[in-house]
>>> print(open('work-v2.cif').read())   # mmCIF, C-alpha atoms
data_query
loop_
_atom_site.label_atom_id
_atom_site.label_comp_id
_atom_site.auth_asym_id
_atom_site.auth_seq_id
_atom_site.Cartn_x
_atom_site.Cartn_y
_atom_site.Cartn_z
CA MET P 20 7.86 -23.01 5.84
CA ASP P 21 4.60 -21.35 5.15
CA PRO P 22 1.78 -23.13 6.98
CA SER P 23 -0.82 -20.81 5.53
CA ASN P 24 -2.69 -20.71 2.27
CA ASP P 25 -1.13 -17.36 1.47
CA PRO P 26 0.53 -18.27 -1.84
CA GLN P 27 -2.67 -19.85 -3.07
CA LEU P 28 -4.84 -16.93 -1.99
CA ILE P 29 -2.43 -14.44 -3.57
CA ALA P 30 -2.45 -16.37 -6.83
CA LEU P 31 -6.26 -16.35 -6.82
CA LEU P 32 -6.40 -12.61 -6.17
CA ASP P 33 -3.94 -12.04 -9.02
CA ARG P 34 -5.99 -14.14 -11.34
CA LEU P 35 -9.34 -12.60 -10.55
CA ALA P 36 -7.85 -9.12 -11.00
CA ASN P 37 -6.22 -9.89 -14.31
CA PRO P 38 -8.24 -8.15 -17.04
CA SER P 39 -6.52 -10.09 -19.82
CA LEU P 40 -8.00 -13.38 -18.62
CA PRO P 41 -11.43 -14.49 -19.81
CA LEU P 42 -14.21 -13.43 -17.49
CA ARG P 43 -15.07 -17.04 -16.86
CA THR P 44 -11.58 -17.84 -15.57
CA ARG P 45 -11.61 -14.80 -13.33
CA GLU P 46 -15.00 -15.76 -11.95
CA GLN P 47 -13.76 -19.26 -11.20
CA ALA P 48 -10.82 -17.86 -9.28
CA PHE P 49 -13.23 -15.64 -7.38
CA ARG P 50 -15.42 -18.61 -6.56
CA THR P 51 -12.46 -20.59 -5.23
CA LEU P 52 -11.32 -17.63 -3.17
CA TYR P 53 -14.82 -17.41 -1.73
CA GLU P 54 -14.87 -21.08 -0.83
CA LEU P 55 -11.53 -20.86 0.91
CA THR P 56 -12.25 -17.74 2.92
CA ALA P 57 -16.01 -17.27 3.37
CA ARG P 58 -16.27 -19.19 6.65
CA LYS P 59 -13.61 -17.14 8.29
CA LEU P 60 -14.88 -13.83 6.96
CA TYR P 61 -18.49 -14.64 7.78
CA GLY P 62 -17.39 -15.38 11.34
CA LEU P 63 -15.77 -11.96 11.44
CA ALA P 64 -18.78 -10.14 9.98
CA LEU P 65 -21.04 -11.93 12.43
CA ARG P 66 -18.89 -10.90 15.34
CA VAL P 67 -18.93 -7.22 14.29
CA VAL P 68 -22.61 -6.82 13.42
CA GLY P 69 -24.01 -9.53 15.72
CA ASN P 70 -26.86 -10.66 13.47
CA ARG P 71 -26.83 -13.36 10.82
CA ASP P 72 -28.85 -11.59 8.11
CA TRP P 73 -26.82 -8.44 8.48
CA ALA P 74 -23.58 -10.39 8.45
CA GLU P 75 -24.62 -11.97 5.16
CA ASP P 76 -25.32 -8.54 3.65
CA VAL P 77 -21.92 -7.39 4.85
CA LEU P 78 -20.21 -10.47 3.46
CA GLN P 79 -21.79 -9.92 0.07
CA GLU P 80 -20.77 -6.26 -0.07
CA ALA P 81 -17.25 -7.18 1.02
CA TYR P 82 -16.75 -9.84 -1.65
CA LEU P 83 -18.05 -7.52 -4.34
CA GLN P 84 -15.51 -4.97 -3.17
CA VAL P 85 -12.84 -7.66 -3.37
CA TRP P 86 -13.90 -8.39 -6.93
CA ARG P 87 -13.63 -4.74 -7.88
CA THR P 88 -10.45 -3.82 -6.05
CA ALA P 89 -8.37 -7.00 -6.17
CA ASP P 90 -5.95 -5.22 -8.50
CA SER P 91 -4.92 -3.00 -5.60
CA TYR P 92 -4.18 -5.93 -3.31
CA ARG P 93 -0.50 -6.36 -4.19
CA SER P 94 0.38 -2.79 -3.43
CA THR P 95 -0.78 -3.18 0.17
CA LEU P 96 2.03 -5.61 1.10
CA SER P 97 -0.43 -7.27 3.49
CA PRO P 98 -1.02 -10.97 3.99
CA PRO P 99 -4.17 -11.84 2.02
CA MET P 100 -6.34 -12.74 5.01
CA ALA P 101 -5.43 -9.47 6.70
CA TRP P 102 -6.42 -7.52 3.59
CA LEU P 103 -9.70 -9.42 3.27
CA GLY P 104 -10.37 -9.04 6.98
CA LEU P 105 -9.95 -5.27 6.82
CA ILE P 106 -12.39 -5.05 3.94
CA VAL P 107 -14.99 -7.06 5.84
CA ARG P 108 -14.51 -4.99 8.99
CA SER P 109 -14.85 -1.72 7.03
CA ARG P 110 -18.01 -2.88 5.35
CA ALA P 111 -19.39 -4.15 8.65
CA LEU P 112 -18.71 -0.83 10.38
CA ASP P 113 -20.31 1.08 7.48
CA PHE P 114 -23.29 -1.19 7.86
CA LEU P 115 -23.63 -0.43 11.57
CA ARG P 116 -23.23 3.31 10.94
CA ARG P 117 -25.89 3.32 8.24
CA ARG P 118 -28.15 1.40 10.47
CA ALA P 119 -27.54 3.70 13.39
CA SER P 120 -28.28 6.75 11.24
CA GLU P 121 -31.42 5.18 9.87
CA ARG P 122 -32.68 4.32 13.28
CA ALA P 123 -31.20 7.03 15.40
CA ASP P 124 -33.89 6.47 18.00
CA ARG P 125 -32.62 3.01 18.83
CA THR P 126 -29.22 1.84 19.80
CA VAL P 127 -27.65 -0.75 17.56
CA GLU P 128 -29.40 -3.95 18.44
CA ILE P 129 -27.12 -6.84 18.87
CA ASP P 130 -28.91 -10.11 18.78
CA GLY P 131 -28.84 -10.99 22.47
CA GLU P 132 -29.14 -14.70 22.03
CA LEU P 133 -26.51 -14.76 19.36
CA GLU P 134 -24.21 -12.60 21.44
CA ASP P 135 -24.29 -15.15 24.25
CA SER P 136 -23.78 -18.08 21.94
CA LEU P 137 -20.93 -16.49 20.02
CA PRO P 138 -17.74 -17.73 21.47
CA GLY P 139 -15.22 -15.01 22.15
CA ASP P 140 -12.32 -14.95 19.79
CA ALA P 141 -8.86 -15.67 21.01
CA ALA P 142 -9.90 -17.89 23.86
CA ASN P 143 -10.13 -20.80 21.48
CA PRO P 144 -7.26 -22.82 20.21
CA MET P 145 -6.34 -21.16 17.02
CA ASP P 146 -7.10 -22.39 13.59
CA THR P 147 -3.65 -21.89 12.20
CA GLN P 148 -4.74 -22.46 8.64
CA GLN P 149 -4.62 -19.18 6.77
CA ALA P 150 -3.46 -17.30 9.85
CA SER P 151 -0.73 -14.76 9.33
CA GLU P 152 2.24 -14.45 11.65
CA ALA P 153 0.77 -11.24 13.02
CA ALA P 154 -2.41 -13.13 13.85
CA TRP P 155 -0.46 -15.77 15.70
CA ALA P 156 1.36 -13.16 17.78
CA LEU P 157 -1.83 -11.31 18.63
CA HIS P 158 -3.55 -14.55 19.48
CA GLU P 159 -0.80 -15.49 21.92
CA CYS P 160 -0.83 -12.06 23.53
CA LEU P 161 -4.61 -11.79 23.83
CA ARG P 162 -4.65 -15.22 25.44
CA LYS P 163 -2.70 -13.80 28.34
CA LEU P 164 -5.45 -11.30 29.12
CA GLU P 165 -8.26 -12.18 31.45
CA ALA P 166 -11.36 -13.24 29.46
CA ARG P 167 -13.57 -10.19 30.09
CA GLN P 168 -10.69 -7.86 29.46
CA ARG P 169 -9.90 -9.62 26.20
CA GLU P 170 -13.52 -9.24 25.19
CA VAL P 171 -13.49 -5.49 25.86
CA VAL P 172 -10.27 -4.97 23.90
CA SER P 173 -11.48 -7.12 20.99
CA LEU P 174 -14.84 -5.40 20.71
CA ALA P 175 -13.28 -1.95 20.98
CA TYR P 176 -11.33 -2.75 17.84
CA LEU P 177 -13.78 -4.89 15.90
CA ARG P 178 -16.77 -2.61 16.45
CA ASP P 179 -14.81 0.63 16.63
CA LEU P 180 -16.37 1.52 19.98
CA SER P 181 -15.47 4.33 22.37
CA HIS P 182 -15.14 3.74 26.11
CA GLY P 183 -18.69 5.03 26.58
CA GLU P 184 -20.14 2.86 23.83
CA LEU P 185 -18.37 -0.22 25.21
CA ALA P 186 -19.72 0.48 28.68
CA ALA P 187 -23.24 0.77 27.27
CA GLN P 188 -23.07 -2.34 25.08
CA LEU P 189 -21.43 -4.55 27.68
CA LYS P 190 -23.36 -3.06 30.59
CA LEU P 191 -20.21 -2.29 32.52
CA PRO P 192 -19.28 0.80 34.51
CA LEU P 193 -17.34 3.34 32.44
CA GLY P 194 -14.46 3.32 34.92
CA THR P 195 -14.09 -0.43 34.60
CA VAL P 196 -14.00 -0.24 30.81
CA LYS P 197 -11.35 2.48 30.90
CA THR P 198 -9.21 0.52 33.33
CA TRP P 199 -9.46 -2.72 31.36
CA ILE P 200 -8.63 -0.99 28.10
CA ARG P 201 -5.64 0.77 29.64
CA ARG P 202 -4.34 -2.42 31.24
CA GLY P 203 -5.09 -4.42 28.11
CA ILE P 204 -3.09 -2.00 25.99
CA ASP P 205 -0.19 -2.09 28.44
CA GLN P 206 -0.15 -5.88 28.49
CA LEU P 207 -0.34 -6.08 24.72
CA ARG P 208 2.49 -3.56 24.46
CA GLY P 209 4.68 -5.70 26.64
CA CYS P 210 3.76 -8.91 24.87
CA MET P 211 3.65 -7.81 21.22
CA GLY P 212 7.05 -6.20 21.57
CA ARG P 213 8.54 -9.66 22.00
CA PHE P 214 7.17 -10.79 18.64
CA ALA P 215 8.24 -7.74 16.67
CA MET K 26 4.71 16.45 28.31
CA ASN K 27 6.26 16.20 24.91
CA LEU K 28 5.02 13.03 23.33
CA LEU K 29 7.88 12.91 20.88
CA HIS K 30 10.39 12.71 23.69
CA SER K 31 8.68 9.90 25.54
CA PRO K 32 8.77 6.74 23.43
CA GLU K 33 6.71 4.87 25.99
CA LEU K 34 3.90 7.41 26.00
CA ALA K 35 4.07 7.63 22.21
CA ASP K 36 3.73 3.84 21.96
CA ARG K 37 0.80 3.76 24.38
CA LEU K 38 -1.03 6.50 22.50
CA ALA K 39 -0.29 4.87 19.15
CA ALA K 40 -1.81 1.63 20.44
CA ALA K 41 -4.92 3.45 21.71
CA TYR K 42 -5.11 5.30 18.40
CA ALA K 43 -5.01 2.06 16.41
CA LEU K 44 -7.46 0.37 18.79
CA GLY K 45 -9.82 3.28 18.25
CA THR K 46 -10.28 4.24 21.88
CA LEU K 47 -8.28 7.46 21.54
CA ARG K 48 -11.01 9.93 20.67
CA GLY K 49 -11.90 13.58 20.27
CA GLY K 50 -9.27 16.22 20.87
CA ALA K 51 -6.63 13.71 21.95
CA ARG K 52 -7.06 11.82 18.68
CA ARG K 53 -6.76 15.00 16.60
CA ARG K 54 -3.67 16.09 18.51
CA PHE K 55 -2.11 12.68 17.96
CA GLU K 56 -2.86 12.85 14.24
CA ALA K 57 -1.37 16.33 13.98
CA LEU K 58 1.82 15.15 15.68
CA ALA K 59 2.00 12.00 13.58
CA ARG K 60 1.82 14.04 10.41
CA GLN K 61 5.01 15.79 11.51
CA SER K 62 6.85 12.84 12.99
CA PRO K 63 7.74 9.85 10.81
CA THR K 64 8.64 7.88 13.95
CA LEU K 65 5.25 8.41 15.51
CA ARG K 66 3.57 7.64 12.20
CA ALA K 67 5.51 4.39 11.92
CA THR K 68 4.57 3.45 15.49
CA ALA K 69 0.89 3.99 14.69
CA LEU K 70 1.18 1.90 11.52
CA VAL K 71 2.82 -0.94 13.43
CA TRP K 72 -0.10 -0.95 15.87
CA GLN K 73 -2.65 -0.77 13.07
CA GLU K 74 -1.07 -3.82 11.53
CA ARG K 75 -0.84 -5.72 14.80
CA LEU K 76 -4.47 -5.09 15.67
CA ALA K 77 -5.72 -5.73 12.14
CA ALA K 78 -4.82 -9.34 12.87
CA MET K 79 -7.86 -9.33 15.20
CA THR K 80 -9.95 -9.82 12.08
CA GLU K 81 -8.28 -13.21 11.58
CA LEU K 82 -9.00 -14.54 15.05
CA GLN K 83 -12.76 -14.86 14.95
CA THR K 84 -14.60 -18.14 15.16
CA GLN K 85 -15.41 -19.52 11.72
CA GLU K 86 -18.95 -20.10 10.63
CA ALA K 87 -20.48 -21.12 7.32
CA PRO K 88 -22.66 -18.46 5.66
CA SER K 89 -25.85 -19.59 3.95
CA ALA K 90 -25.58 -20.65 0.32
CA ASN K 91 -27.68 -17.63 -0.62
CA VAL K 92 -24.72 -15.32 -0.15
CA TRP K 93 -22.83 -16.74 -3.09
CA LYS K 94 -25.98 -16.74 -5.22
CA ARG K 95 -26.52 -13.06 -4.49
CA ILE K 96 -22.89 -12.32 -5.33
CA GLU K 97 -23.27 -14.11 -8.66
CA ILE K 98 -26.36 -12.11 -9.51
CA ALA K 99 -24.55 -8.90 -8.66
CA LEU K 100 -21.59 -9.85 -10.83
CA ARG K 101 -23.85 -10.54 -13.76
CA ARG K 102 -25.63 -7.21 -13.36
CA ASP K 103 -22.29 -5.53 -13.06
CA ALA K 104 -21.08 -7.03 -16.31
CA GLU K 105 -24.31 -6.05 -18.06
CA ALA K 106 -24.11 -2.50 -16.76
CA ARG K 107 -20.54 -2.24 -17.96
CA ALA K 108 -21.48 -3.56 -21.40
CA THR K 109 -24.23 -0.93 -21.69
CA LYS K 110 -21.89 1.77 -20.49
CA ASP K 111 -19.20 0.82 -22.97
CA GLY K 112 -21.74 0.83 -25.80
CA ARG K 113 -22.94 4.42 -25.49
CA SER K 114 -23.73 6.72 -22.64
CA GLY K 115 -26.23 4.29 -21.24
CA PRO K 116 -27.98 4.65 -17.94
CA PRO K 117 -25.67 5.19 -15.00
CA ALA K 118 -24.80 1.93 -13.35
CA ARG K 119 -26.58 2.18 -10.06
CA VAL K 120 -25.28 -0.49 -7.83
CA GLY K 121 -28.09 -1.28 -5.47
CA PHE K 122 -28.91 -4.13 -7.75
CA TRP K 123 -28.24 -7.09 -5.54
CA ARG K 124 -31.28 -6.21 -3.52
CA ALA K 125 -33.20 -7.51 -6.49
CA ALA K 126 -32.39 -10.84 -4.98
CA ALA K 127 -32.95 -9.57 -1.51
CA LEU K 128 -33.95 -11.92 1.20
CA ALA K 129 -36.68 -10.98 3.60
CA GLY K 130 -36.05 -8.51 6.35
CA GLY K 131 -33.34 -5.99 6.57
CA PHE K 132 -33.47 -2.75 4.64
CA ALA K 133 -32.14 -1.34 1.42
CA THR K 134 -28.40 -1.42 1.32
CA VAL K 135 -28.45 0.52 -1.89
CA ALA K 136 -25.77 2.89 -0.74
CA ALA K 137 -23.34 0.12 -0.01
CA PHE K 138 -21.00 0.71 -2.85
CA THR K 139 -21.32 4.40 -3.05
CA LEU K 140 -20.53 4.39 0.64
CA ALA K 141 -17.76 1.94 0.21
CA ALA K 142 -15.04 4.06 1.67
CA TYR K 143 -12.21 1.79 2.44
CA THR K 144 -11.35 3.54 5.64
CA GLY K 145 -9.05 0.78 6.73
CA SER K 146 -5.42 1.32 7.35
CA GLN K 147 -3.14 3.45 5.31
CA LEU K 148 -1.38 0.26 4.38
CA THR K 149 -3.94 -0.19 1.67
CA GLU K 150 -3.16 2.88 -0.41
CA VAL K 151 -3.69 2.16 -4.06
CA SER K 152 -0.48 2.58 -5.94
CA ALA K 153 -0.99 1.24 -9.46
CA ALA K 154 -0.97 4.25 -11.76
CA PRO K 155 -4.27 6.05 -11.32
CA GLN K 156 -6.23 7.42 -14.22
CA ILE K 157 -7.55 10.76 -13.02
CA ARG K 158 -10.66 11.44 -15.03
CA TYR K 159 -12.33 14.22 -13.01
CA VAL K 160 -11.24 16.77 -10.47
CA ALA K 161 -13.04 19.27 -8.21
CA MET K 162 -11.87 21.93 -5.83
CA LEU K 163 -14.50 22.51 -3.18
CA HIS K 164 -14.61 25.91 -1.49
CA ASP K 165 -16.17 27.09 1.72
CA ASP K 166 -18.57 30.03 1.90
CA ARG K 167 -15.66 32.46 1.94
CA SER K 168 -14.21 30.95 -1.24
CA ALA K 169 -11.28 29.40 0.60
CA PRO K 170 -10.21 25.98 -0.76
CA ALA K 171 -11.47 23.31 1.61
CA MET K 172 -11.27 19.95 -0.18
CA LEU K 173 -9.67 18.57 -3.30
CA VAL K 174 -11.57 15.71 -4.94
CA THR K 175 -10.17 13.53 -7.72
CA PHE K 176 -11.74 10.56 -9.45
CA ASP K 177 -9.52 7.70 -10.51
CA ALA K 178 -11.36 5.81 -13.23
CA ARG K 179 -8.98 2.85 -13.16
CA HIS K 180 -9.78 1.97 -9.57
CA GLY K 181 -13.22 3.54 -9.35
CA THR K 182 -11.96 5.64 -6.47
CA LEU K 183 -12.82 9.12 -5.37
CA THR K 184 -10.00 10.61 -3.30
CA LEU K 185 -10.80 13.50 -1.02
CA LYS K 186 -8.05 15.59 0.47
CA ARG K 187 -8.83 18.09 3.17
CA LEU K 188 -7.11 21.39 2.61
CA GLY K 189 -8.60 23.66 5.25
CA PRO K 190 -8.56 23.48 9.04
CA PHE K 191 -12.20 22.39 9.31
CA ARG K 192 -12.84 19.23 11.34
CA GLU K 193 -16.36 18.07 12.00
CA PRO K 194 -17.42 17.38 15.61
CA SER K 195 -17.08 13.73 16.60
CA ASP K 196 -20.85 13.21 16.60
CA GLN K 197 -21.16 14.41 13.02
CA SER K 198 -19.93 13.29 9.60
CA LEU K 199 -19.29 14.98 6.30
CA GLN K 200 -21.12 13.58 3.31
CA LEU K 201 -20.21 13.99 -0.34
CA TRP K 202 -22.96 14.63 -2.89
CA ALA K 203 -23.16 14.69 -6.65
CA LEU K 204 -25.37 17.57 -7.83
CA PRO K 205 -26.84 16.46 -11.17
CA PRO K 206 -28.72 19.23 -13.01
CA GLY K 207 -32.45 19.17 -12.44
CA ALA K 208 -32.30 16.21 -10.07
CA ALA K 209 -31.93 15.62 -6.36
CA PRO K 210 -28.41 15.39 -4.91
CA GLN K 211 -27.04 11.86 -4.93
CA SER K 212 -24.89 10.62 -2.11
CA LEU K 213 -21.38 9.56 -3.05
CA GLY K 214 -20.54 8.48 0.46
CA VAL K 215 -19.77 9.50 3.99
CA VAL K 216 -16.36 11.03 4.57
CA GLN K 217 -14.91 9.31 7.61
CA GLY K 218 -11.46 9.60 8.96
CA GLY K 219 -8.35 11.56 8.29
CA THR K 220 -6.89 14.05 5.89
CA VAL K 221 -7.16 11.82 2.86
CA VAL K 222 -10.27 9.70 2.36
CA HIS K 223 -11.12 7.27 -0.42
CA LEU K 224 -14.62 6.43 -1.58
CA THR K 225 -15.57 3.97 -4.28
CA ALA K 226 -17.70 5.24 -7.11
CA ALA K 227 -18.72 4.05 -10.56
CA GLU K 228 -17.92 6.41 -13.38
CA GLY K 229 -21.56 6.26 -14.41
CA GLN K 230 -22.51 8.02 -11.19
CA LEU K 231 -20.25 10.95 -12.03
CA ARG K 232 -20.92 11.47 -15.69
CA GLN K 233 -22.79 14.69 -16.43
CA VAL K 234 -22.45 15.82 -12.84
CA PRO K 235 -21.30 19.45 -13.03
CA ALA K 236 -20.78 20.03 -9.31
CA LEU K 237 -20.10 18.32 -5.99
CA ALA K 238 -21.01 19.44 -2.49
CA ILE K 239 -20.25 18.40 1.06
CA SER K 240 -22.83 18.66 3.81
CA LEU K 241 -22.59 18.29 7.55
CA GLU K 242 -24.70 15.36 8.70
CA PRO K 243 -25.32 13.33 11.84
CA ARG K 244 -22.56 10.78 12.44
CA GLY K 245 -22.79 8.06 9.80
CA GLY K 246 -24.47 10.32 7.24
CA ALA K 247 -27.97 11.31 6.21
CA PRO K 248 -30.61 8.57 6.16
CA VAL K 249 -30.30 6.56 2.98
CA GLY K 250 -32.40 8.06 0.21
CA SER K 251 -33.12 11.31 2.04
CA GLY K 252 -30.73 13.78 0.43
CA PRO K 253 -28.68 16.19 2.54
CA THR K 254 -30.26 17.06 5.88
CA GLY K 255 -27.59 19.43 7.20
CA PRO K 256 -25.94 22.62 5.92
CA VAL K 257 -23.80 22.54 2.79
CA LEU K 258 -20.30 23.49 3.88
CA PHE K 259 -18.26 23.19 0.70
CA LYS K 260 -19.02 23.05 -2.94
CA GLY K 261 -17.38 23.39 -6.32
CA ALA K 262 -17.40 22.56 -10.01
CA PHE K 263 -16.55 18.99 -11.01
CA VAL K 264 -14.63 18.99 -14.26
CA PRO K 265 -13.31 16.29 -16.60
CA THR K 266 -9.53 16.34 -17.03
CA THR K 267 -9.64 15.67 -20.74
#
>>> encode(input="work-v2.cif", output="structure tokens")
Amino acid sequence: MDPSNDPQLIALLDRLANPSLPLRTREQAFRTLYELTARKLYGLALRVVGNRDWAEDVLQEAYLQVWRTADSYRSTLSPPMAWLGLIVRSRALDFLRRRASERADRTVEIDGELEDSLPGDAANPMDTQQASEAAWALHECLRKLEARQREVVSLAYLRDLSHGELAAQLKLPLGTVKTWIRRGIDQLRGCMGRFA
Amino acid sequence: MNLLHSPELADRLAAAYALGTLRGGARRRFEALARQSPTLRATALVWQERLAAMTELQTQEAPSANVWKRIEIALRRDAEARATKDGRSGPPARVGFWRAAALAGGFATVAAFTLAAYTGSQLTEVSAAPQIRYVAMLHDDRSAPAMLVTFDARHGTLTLKRLGPFREPSDQSLQLWALPPGAAPQSLGVVQGGTVVHLTAAEGQLRQVPALAISLEPRGGAPVGSGPTGPVLFKGAFVPTT
């Protein structure tokens, strides 16, 4: 049984990448793909960049990359949402880097209000639609971490932050961040092994 | 302690590597070992895949309807640019176009596609037969080969392969530039990551570019639109393969 939309998403990616189809057909496939995935990917972009306007810029860049590189999707052997998610994360990180280099005098501003209102990820019951098996396993394992610890581990990955950067963004002592990351990794190692 | 003889330590470091918290010298040492050990490489890939699932776990939220409108505009411009390009050697297809429909606030994201290095996991290597249209060997100031650059026209991908021992400090980035004759250098993207790096580029950006160069910039690259701000480390002729 495949509870996800994977076959449908894969078919859409194939269609939009197929140069022998009329442009119109390819664009329709792209549109459908967008409608099926934009909410999830916007949520991801928002979580990485922490600001709605920026997340929309990121989302747009990411979908244009999808349009241009969909022909390489099959060779990745990844579930479609994982592939799309990596593209969005890459674009979001590029965005933050560009921004940081343009405004080297200021640290990356995360919208404080938004940050508080953004629910953390894996604490919520999972939307199993479109979720890959890997996502389910990670969700279960992250759920076993204490909330703050889960947050530190998630942000380390999603925002590509070092221990020092995490400490600064989350206003936590460096030692605490290091300890939580180390424990988080150890707990994930123990837990993820069972799903492998 | 020999990492390769301690599976537990290897697994812990691979997880930290994939999470991104393994940094600096430790990260470079891990990468060097992984290049020699298929087992360690596989462990790192497993962790990259496991953690990539993090991107699927975020709370959903609807983007504004403007996003799709801007995408549509960009697609149309893209198609027009391609039509011009196919006709004759039209103007290079600069891709900052969607800002034409820009909403208020923010700043020019012109470099987005030129910077579009898909630095994600190695699981996303492009495998469909590439069409290598251009190649460049970049040398350092002592004429030693430092970087091999190829352009795959089929995928619009520049592939950079490091050949020398040079690694930039963690607070700096390398940036690739096209050096068109009689014009300012144009950024082709920031070179992040490992031995092999992919950047997206339109063929129009590379036509009639006789040389490429790599400069050392602050982490994340030179400010958009500024041209290189740091020293040029490598450079070389950029030649068509046919």
>>> residues_around(input="work-v2.cif", residues="Glu86 (chain K)", least_positions_apart="3", cutoff="7 Å", atoms="all atoms listed in the file", output="list in words")
Arg58, Lys59, Tyr61 and Gly62 of chain P
>>> resolve_selection(input="work-v2.cif", expression="the PyMOL selection byres ((chain P and resi 80) around 10)", output="list in words")
Ala74, Glu75, Asp76, Val77, Leu78, Gln79, Ala81, Tyr82, Leu83, Gln84, Val85, Trp86, Ile106, Val107, Arg110, Ala111 and Phe114 of chain P; Val92, Arg95, Ile96, Ala99, Trp123, Thr134, Ala137, Phe138 and Ala141 of chain K
>>> write_last_selection(input="work-v2.cif", atoms="C-alpha atoms", output="PDB file, keeping the file's coordinate frame")
ATOM      1  CA  ALA P  74     -23.580 -10.390   8.450  1.00  0.00           C
ATOM      2  CA  GLU P  75     -24.620 -11.970   5.160  1.00  0.00           C
ATOM      3  CA  ASP P  76     -25.320  -8.540   3.650  1.00  0.00           C
ATOM      4  CA  VAL P  77     -21.920  -7.390   4.850  1.00  0.00           C
ATOM      5  CA  LEU P  78     -20.210 -10.470   3.460  1.00  0.00           C
ATOM      6  CA  GLN P  79     -21.790  -9.920   0.070  1.00  0.00           C
ATOM      7  CA  ALA P  81     -17.250  -7.180   1.020  1.00  0.00           C
ATOM      8  CA  TYR P  82     -16.750  -9.840  -1.650  1.00  0.00           C
ATOM      9  CA  LEU P  83     -18.050  -7.520  -4.340  1.00  0.00           C
ATOM     10  CA  GLN P  84     -15.510  -4.970  -3.170  1.00  0.00           C
ATOM     11  CA  VAL P  85     -12.840  -7.660  -3.370  1.00  0.00           C
ATOM     12  CA  TRP P  86     -13.900  -8.390  -6.930  1.00  0.00           C
ATOM     13  CA  ILE P 106     -12.390  -5.050   3.940  1.00  0.00           C
ATOM     14  CA  VAL P 107     -14.990  -7.060   5.840  1.00  0.00           C
ATOM     15  CA  ARG P 110     -18.010  -2.880   5.350  1.00  0.00           C
ATOM     16  CA  ALA P 111     -19.390  -4.150   8.650  1.00  0.00           C
ATOM     17  CA  PHE P 114     -23.290  -1.190   7.860  1.00  0.00           C
TER      18      PHE P 114
ATOM     19  CA  VAL K  92     -24.720 -15.320  -0.150  1.00  0.00           C
ATOM     20  CA  ARG K  95     -26.520 -13.060  -4.490  1.00  0.00           C
ATOM     21  CA  ILE K  96     -22.890 -12.320  -5.330  1.00  0.00           C
ATOM     22  CA  ALA K  99     -24.550  -8.900  -8.660  1.00  0.00           C
ATOM     23  CA  TRP K 123     -28.240  -7.090  -5.540  1.00  0.00           C
ATOM     24  CA  THR K 134     -28.400  -1.420   1.320  1.00  0.00           C
ATOM     25  CA  ALA K 137     -23.340   0.120  -0.010  1.00  0.00           C
ATOM     26  CA  PHE K 138     -21.000   0.710  -2.850  1.00  0.00           C
ATOM     27  CA  ALA K 141     -17.760   1.940   0.210  1.00  0.00           C
TER      28      ALA K 141
END
>>> closest_residue(input="work-v2.cif", among="P:Ala187, P:Gly203, P:Lys197, P:Thr88", to="Ala166 (chain P)", atoms="only C-alpha atoms")
P:Gly203
>>> resolve_selection(input="work-v2.cif", expression="the PyMOL selection byres ((chain K and resi 255) around 7)", output="VMD selection string")
chain K and resid 240 to 242 253 to 254 256 to 257
>>> resolve_selection(input="work-v2.cif", expression="the PyMOL selection byres ((chain P and resi 48) around 10)", output="MDAnalysis selection string")
chainID P and resid 28 30:36 42:47 49:54
>>> closest_residue(input="work-v2.cif", among="P:Arg208, P:Arg213, P:Arg167, P:Arg202", to="chain K", atoms="only C-alpha atoms")
P:Arg208
